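Peer 1: Let me begin by handing over the structure; questions about it come next.
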Amino acid sequence: MRGKFFAALTLAATLLLTGCGGGDTPAKTDDKKAATSEITLKIGATPVPHAEILEEIKPDLKEQGINLEIVEFNDYVQPNIALNDKELDANFFQHEPYLKDFVAEHKDVKLKNAGGVHIEPMGIYSKKITKLDELPDGAAVSIPNDPTNGGRALLLLQKAGLLSLREGVSEMATVQDIIANPHNLVIQEVEAAQLPRTLEDVEIAIINTNFAMNADLNPMKDALFIEDRTSPYVNIVAVREDENREQIDQLMKTLKSDKVKKFIEDKYKGAIVPAF
């Protein structure tokens with residue numbers, strides 16, 4: 001009996017020591033959990049200016065426990081497909097008219113606008129003329145081949161006085177909506193990312209600012225004609241329709257900060273305009 005008593009006493013002491021003296025072990029486990037609690041957000045973006053803007057906020061999100069992983073794309077289709085397929089958490093490259101048109105055309109794609117960040121004025125560029133009144137009759141003109149940006153380009157050509165469109169058309173205008181073409185312009189529809197390459201072959205090209213800047217074109221210096229600050233084409237962050245994570249709210253709040261506004265204004269000198 002005495003032996004059993006001492007054995008039980010020894011066991012109790014051991015458990016007591018483990019509970020008190022071993023207090024460091026749980027603390028280390030908690031530290032380890034804290035170190036691995038960082039959430040990764042994977043965002044698809046075109047290189048300029050979207051990826052550059054995201055790079056600017058990486059340290060700020062890091063402080064909030066978010067690791068921002070930027071995946072660069074050079075087209076306007078794959079970022080939406082990848083987001084819908086859950087390969088990305090968000091994307092940042094398009095304006096809302098393009099997103100709406102994309103979703104309408106791809107019935108299985110369920111994406112929504114998480115918020116606007118900036119405007120990229122579309123411009124008319126050339127390597128063959130220095131002003132629009134030098135444009136010869138029969139000139140070749142390249143424009144984006146996607147519906148919303150193509151219509152946007154046609155509206156810009158109309159605003160520049162180079163053609164007229166059917167009354168009441170919107171950004172969904174097509175070449176069939178041209179009712180007056182006094183210069184007999186030959187419109188060529190090209191994938192948006194490839195438009196800078198067409199400058200060797202056409203008289204003028206209508207290019208989105210992100211692709212123009214990616215090709216070392218300065219919209220404020222090189223564009224012969226450019227949209228003004230009233231452009232409705234605000235570039236947005238897109239997410240899946242069922243997205244409701246707090247981290248996306250943190251991302252949008254950080255993108256709309258005074259720091260980002262100053263970064264856009266200082267870096268792009270009016271070629272990119274904050275929309276908040």
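Going through the structure tokens in order, the chains are called A, B, and so on, while each chain numbers its residues from 1 and the ligands are numbered from 1 in the order shown.
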Within 8 Å of range 250-259 of chain A, counting only C-alpha atoms, which residues qualify if same-chain residues fewer than 6 places away don't, as a PDB file with C-alpha atoms, in the first residue's frame?
Peer 2:
```pdb
ATOM      1  CA  LEU A  54      -0.074  46.985 -56.264  1.00  0.00           C
ATOM      2  CA  ILE A  57       0.929  48.844 -51.311  1.00  0.00           C
ATOM      3  CA  ASP A  60       1.223  48.336 -46.109  1.00  0.00           C
ATOM      4  CA  LEU A  61      -0.752  45.134 -46.546  1.00  0.00           C
ATOM      5  CA  ALA A 114     -15.092  45.474 -55.816  1.00  0.00           C
ATOM      6  CA  GLY A 115     -14.311  49.168 -56.352  1.00  0.00           C
ATOM      7  CA  VAL A 117      -9.169  52.964 -58.408  1.00  0.00           C
ATOM      8  CA  PHE A 276     -11.281  58.442 -55.546  1.00  0.00           C
TER       9      PHE A 276
END
```
Peer 1: If we count only C-alpha atoms and set the cut-off at 6 Å, which residues sit around Asn208 in chain A, ignoring sequence neighbours fewer than 2 positions away in its own chain? Please answer as a list in words.
Peer 2: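 The residues that qualify are Met122, Asn210 and Phe211 of chain A.
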Peer 1: Can those selected residues be exported to a file as a PDB file, in the first residue's frame so that it contains C-alpha atoms?
Peer 2:
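Just written: part_39.pdb:
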```
ATOM      1  CA  MET A 122      -7.215  56.221 -74.076  1.00  0.00           C
ATOM      2  CA  ASN A 210      -1.542  50.712 -69.772  1.00  0.00           C
ATOM      3  CA  PHE A 211      -0.358  49.137 -73.034  1.00  0.00           C
TER       4      PHE A 211
END
```
Peer 1: Taking only residues of range 81-168 of chain A that have an atom at most 10 Å from an atom of range 225-240 of chain A, what is each one's shortest atom pair and its distance in Å to one decimal, using only C-alpha atoms, in chain and number order, as JSON lines?
Peer 2:
```
{"residue": "A:Leu83", "atom": "CA", "partner": "A:Arg240", "partner_atom": "CA", "distance": 7.0}
{"residue": "A:Asn84", "atom": "CA", "partner": "A:Arg240", "partner_atom": "CA", "distance": 6.3}
{"residue": "A:Asp85", "atom": "CA", "partner": "A:Arg240", "partner_atom": "CA", "distance": 9.4}
{"residue": "A:Lys86", "atom": "CA", "partner": "A:Arg240", "partner_atom": "CA", "distance": 8.4}
{"residue": "A:Leu88", "atom": "CA", "partner": "A:Val239", "partner_atom": "CA", "distance": 8.8}
{"residue": "A:Asp89", "atom": "CA", "partner": "A:Val239", "partner_atom": "CA", "distance": 6.6}
{"residue": "A:Ala90", "atom": "CA", "partner": "A:Val239", "partner_atom": "CA", "distance": 4.7}
{"residue": "A:Asn91", "atom": "CA", "partner": "A:Ala238", "partner_atom": "CA", "distance": 5.3}
{"residue": "A:Phe92", "atom": "CA", "partner": "A:Val237", "partner_atom": "CA", "distance": 4.6}
{"residue": "A:Phe93", "atom": "CA", "partner": "A:Asn235", "partner_atom": "CA", "distance": 6.5}
{"residue": "A:Gln94", "atom": "CA", "partner": "A:Asn235", "partner_atom": "CA", "distance": 5.2}
{"residue": "A:His95", "atom": "CA", "partner": "A:Asn235", "partner_atom": "CA", "distance": 4.2}
{"residue": "A:Glu96", "atom": "CA", "partner": "A:Ile236", "partner_atom": "CA", "distance": 6.7}
{"residue": "A:Pro97", "atom": "CA", "partner": "A:Tyr233", "partner_atom": "CA", "distance": 7.4}
{"residue": "A:Tyr98", "atom": "CA", "partner": "A:Tyr233", "partner_atom": "CA", "distance": 9.1}
{"residue": "A:Leu99", "atom": "CA", "partner": "A:Ala238", "partner_atom": "CA", "distance": 8.2}
{"residue": "A:Val109", "atom": "CA", "partner": "A:Arg240", "partner_atom": "CA", "distance": 8.6}
{"residue": "A:Lys110", "atom": "CA", "partner": "A:Arg240", "partner_atom": "CA", "distance": 5.9}
{"residue": "A:Leu111", "atom": "CA", "partner": "A:Arg240", "partner_atom": "CA", "distance": 4.3}
{"residue": "A:Lys112", "atom": "CA", "partner": "A:Val239", "partner_atom": "CA", "distance": 5.6}
{"residue": "A:Asn113", "atom": "CA", "partner": "A:Ala238", "partner_atom": "CA", "distance": 4.8}
{"residue": "A:Ala114", "atom": "CA", "partner": "A:Val237", "partner_atom": "CA", "distance": 5.4}
{"residue": "A:Gly115", "atom": "CA", "partner": "A:Ile236", "partner_atom": "CA", "distance": 5.5}
{"residue": "A:Gly116", "atom": "CA", "partner": "A:Ile236", "partner_atom": "CA", "distance": 4.1}
{"residue": "A:Val117", "atom": "CA", "partner": "A:Ile236", "partner_atom": "CA", "distance": 5.8}
{"residue": "A:His118", "atom": "CA", "partner": "A:Asn235", "partner_atom": "CA", "distance": 5.3}
{"residue": "A:Ile119", "atom": "CA", "partner": "A:Val234", "partner_atom": "CA", "distance": 4.7}
{"residue": "A:Glu120", "atom": "CA", "partner": "A:Asn235", "partner_atom": "CA", "distance": 7.3}
{"residue": "A:Pro121", "atom": "CA", "partner": "A:Glu227", "partner_atom": "CA", "distance": 5.0}
{"residue": "A:Met122", "atom": "CA", "partner": "A:Glu227", "partner_atom": "CA", "distance": 5.7}
{"residue": "A:Gly123", "atom": "CA", "partner": "A:Ile226", "partner_atom": "CA", "distance": 4.2}
{"residue": "A:Ile124", "atom": "CA", "partner": "A:Phe225", "partner_atom": "CA", "distance": 5.2}
{"residue": "A:Tyr125", "atom": "CA", "partner": "A:Phe225", "partner_atom": "CA", "distance": 7.6}
{"residue": "A:Lys131", "atom": "CA", "partner": "A:Phe225", "partner_atom": "CA", "distance": 8.6}
{"residue": "A:Leu132", "atom": "CA", "partner": "A:Phe225", "partner_atom": "CA", "distance": 8.0}
{"residue": "A:Thr148", "atom": "CA", "partner": "A:Tyr233", "partner_atom": "CA", "distance": 10.0}
{"residue": "A:Asn149", "atom": "CA", "partner": "A:Tyr233", "partner_atom": "CA", "distance": 9.6}
{"residue": "A:Arg152", "atom": "CA", "partner": "A:Tyr233", "partner_atom": "CA", "distance": 9.1}
{"residue": "A:Ala153", "atom": "CA", "partner": "A:Glu227", "partner_atom": "CA", "distance": 9.9}
{"residue": "A:Leu155", "atom": "CA", "partner": "A:Glu227", "partner_atom": "CA", "distance": 10.0}
{"residue": "A:Leu156", "atom": "CA", "partner": "A:Glu227", "partner_atom": "CA", "distance": 7.1}
{"residue": "A:Leu157", "atom": "CA", "partner": "A:Phe225", "partner_atom": "CA", "distance": 9.0}
{"residue": "A:Lys159", "atom": "CA", "partner": "A:Glu227", "partner_atom": "CA", "distance": 8.9}
{"residue": "A:Ala160", "atom": "CA", "partner": "A:Phe225", "partner_atom": "CA", "distance": 7.1}
```
Peer 1: With distances taken over only C-alpha atoms, which of A:Ile143, A:Ala192, A:Met220, A:Leu135 is nearest to Ala205 in chain A?
Peer 2: A:Ile143
Peer 1: Nearest residue to Glu171 in chain A out of A:Lys100, A:Lys42, A:Lys58, A:Lys221, using only C-alpha atoms?
Peer 2: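 Nearest to Glu171 in chain A: A:Lys100.
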Peer 1: So which one's closest to Glu191 in chain A, A:Asn74, A:Ser170, A:Ser164, A:Thr130? Using only C-alpha atoms, please.
Peer 2: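 Answer, going by the shortest atom-to-atom distance: A:Asn74.
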Peer 1: Please identify the strand (DSSP E or B) residues within range 92-203 of chain A (assignment by DSSP from backbone atoms) and present them as JSON, numbers by chain.
Peer 2: {"A": [92, 93, 94, 95, 111, 112, 113, 114, 115, 116, 117, 118, 119, 123, 124, 125, 140, 141, 142, 143, 144, 164, 165, 178, 179, 180, 186, 187, 188, 189, 190]}
